[in-house]
Amino acid sequence: GGRGRFYMEAKPTLGLVLLKGKKTIHRSWLERHEVNAFLKRAQKSNRFREMSVERLGQVYGLLMVEEEEKERLIGEVRHRDDQIEHLSRKNAYLQDKLGSEEDAKRRTLLRYVNAVKAAAVASGTDPQGFPTDGGGVIQLPESGITDEEVHAIAALLRGQTTIAELNLRGNLITDEGARALSAVLGGRTALRTIDLRANRIGKQGVRAVAEALERSERVRHVYVHAGGKVEALGAGRWAAPRAGDGNEGGSGEG
């Protein structure tokens, strides 16, 4: 019985039939539960049948409890599987919704940037293409802007001469976003001030901004101040000669 764990052992001289374990661990289990002690008492008693039936009832009761516990656990596992499936569907739905909201946010952001550019152009430009009123200002502080949105903004600003100020203070921009803006600063641009304070930009991002400004043809000197502030001094127009020092400049703070 018990998948070969126990077998009967007859002791004719004592008039007893006992159980013996196949392995040491099985024999220890029989001793711990006093199985053979019970069998000895029952077979020596005139109530052998009653005691045997009573013990069988206890054993079958334990088996029934085990089956009930097994069914309960199976039910719990099924319920958890249903919960996991429900949460998976909910997660997929939220991801789709979040993606749609991010797309809508990005479209709104780009429309805003384009509107500022158009307004700056409409105000008039000089012969070099720079706005006569000093340029447009893009204000996006504490707007949840991430590196992905910065890449989109940088693509719109690259090579343009209508935006003079970009405020991205208090967003979620990292070194990657700073590098994207560096590509703008290193090219033809009217940007004079970029506010990147209270973002997640480290030394690598500050270095990228400073190096981009050093490559700019209208910048004469670049200073990196304590706290990550980058200041560029030079001529304010691209047509200005390279030689000599100018007194106009732009700065970026990170």
# chains A, B, ... in the order shown; residues from 1 in each chain; ligands from 1
call {"tool": "select_by_dssp", "arguments": {"residues": "range 138-241 of chain A", "states": "strand (DSSP E or B)", "output": "number ranges by chain"}}
result
A: 138-139, 163-167, 193-195, 219-224, 229-234
call {"tool": "write_last_selection", "arguments": {"atoms": "C-alpha atoms", "output": "JSON list (two decimals), in the first residue's frame"}}
result
[["chain", "number", "residue", "atom", "x", "y", "z"],
["A", 138, "ILE", "CA", 8.52, 78.53, -26.57],
["A", 139, "GLN", "CA", 7.27, 78.07, -23.01],
["A", 163, "ILE", "CA", 12.85, 80.99, -32.06],
["A", 164, "ALA", "CA", 15.07, 82.85, -29.60],
["A", 165, "GLU", "CA", 14.09, 81.28, -26.30],
["A", 166, "LEU", "CA", 13.16, 77.73, -25.25],
["A", 167, "ASN", "CA", 11.93, 77.08, -21.70],
["A", 193, "THR", "CA", 18.44, 80.97, -24.13],
["A", 194, "ILE", "CA", 17.49, 77.38, -23.28],
["A", 195, "ASP", "CA", 16.26, 76.77, -19.75],
["A", 219, "VAL", "CA", 30.07, 81.64, -30.60],
["A", 220, "ARG", "CA", 33.40, 83.01, -29.46],
["A", 221, "HIS", "CA", 33.62, 81.78, -25.87],
["A", 222, "VAL", "CA", 31.84, 79.04, -23.89],
["A", 223, "TYR", "CA", 31.74, 78.98, -20.10],
["A", 224, "VAL", "CA", 30.44, 76.12, -17.95],
["A", 229, "LYS", "CA", 24.92, 76.55, -16.35],
["A", 230, "VAL", "CA", 26.44, 76.92, -19.82],
["A", 231, "GLU", "CA", 27.08, 80.42, -21.16],
["A", 232, "ALA", "CA", 28.13, 81.18, -24.74],
["A", 233, "LEU", "CA", 29.46, 84.58, -25.76],
["A", 234, "GLY", "CA", 29.85, 85.66, -29.36]]
call {"tool": "residues_around", "arguments": {"residues": "Asn114 in chain A", "least_positions_apart": "2", "cutoff": "12 Å", "atoms": "only C-alpha atoms", "output": "ChimeraX atom specification"}}
result
/A:107-112,116-121,136-138,152-157,160,162-163
call {"tool": "residues_around", "arguments": {"residues": "Leu19 in chain A", "least_positions_apart": "6", "cutoff": "9 Å", "atoms": "only C-alpha atoms", "output": "PyMOL selection string"}}
result
chain A and resi 6-10+27+30+35-36+39
call {"tool": "write_last_selection", "arguments": {"atoms": "N, CA, C and O atoms", "output": "compact mmCIF listing (two decimals), in the first residue's frame"}}
result
# COMPACT_ATOMS: atom_id res chain seq x y z
N PHE A 6 4.66 0.67 2.24
CA PHE A 6 4.43 -0.23 3.37
C PHE A 6 4.00 -1.62 2.87
O PHE A 6 3.44 -1.76 1.78
N TYR A 7 4.27 -2.60 3.69
CA TYR A 7 3.78 -3.95 3.40
C TYR A 7 3.48 -4.65 4.73
O TYR A 7 3.95 -4.23 5.80
N MET A 8 2.65 -5.70 4.64
CA MET A 8 2.26 -6.42 5.86
C MET A 8 3.36 -7.36 6.32
O MET A 8 4.01 -8.00 5.50
N GLU A 9 3.50 -7.44 7.61
CA GLU A 9 4.48 -8.35 8.22
C GLU A 9 3.74 -9.21 9.26
O GLU A 9 3.27 -8.68 10.27
N ALA A 10 3.63 -10.52 8.97
CA ALA A 10 2.93 -11.43 9.90
C ALA A 10 3.87 -11.94 10.97
O ALA A 10 5.03 -12.27 10.70
N ARG A 27 9.64 3.65 7.76
CA ARG A 27 9.55 3.04 9.09
C ARG A 27 9.48 4.12 10.18
O ARG A 27 8.74 3.97 11.17
N LEU A 30 5.93 5.36 10.39
CA LEU A 30 5.05 4.44 11.11
C LEU A 30 5.25 4.56 12.62
O LEU A 30 4.28 4.55 13.39
N VAL A 35 1.56 3.51 14.48
CA VAL A 35 0.66 2.64 13.73
C VAL A 35 0.68 1.22 14.27
O VAL A 35 -0.37 0.61 14.56
N ASN A 36 1.85 0.68 14.41
CA ASN A 36 1.94 -0.70 14.89
C ASN A 36 1.53 -0.83 16.37
O ASN A 36 1.02 -1.87 16.79
N LEU A 39 -2.09 -1.27 16.12
CA LEU A 39 -2.45 -2.59 15.62
C LEU A 39 -2.27 -3.66 16.71
O LEU A 39 -3.08 -4.59 16.82
call {"tool": "closest_residue", "arguments": {"among": "A:Leu98, A:Ala178, A:Met51, A:Leu168", "to": "Gly205 in chain A", "atoms": "only C-alpha atoms"}}
result
A:Ala178
call {"tool": "closest_residue", "arguments": {"among": "A:Glu217, A:Glu101, A:Glu176, A:Glu67", "to": "Thr189 in chain A", "atoms": "only C-alpha atoms"}}
result
A:Glu217
call {"tool": "select_by_dssp", "arguments": {"residues": "range 40-160 of chain A", "states": "helix (DSSP H, G or I)", "output": "PyMOL selection string"}}
result
chain A and resi 40-44+48-122+147-157
call {"tool": "residues_around", "arguments": {"residues": "Arg106 in chain A", "least_positions_apart": "5", "cutoff": "12 Å", "atoms": "only C-alpha atoms", "output": "list in words"}}
result
Gly99, Ser100, Glu101, Arg111, Tyr112, Val113, Ser143, Gly144, Ile145, Thr146, Asp147, Glu148, Glu149, Val150, His151, Ala152 and Ile153 of chain A
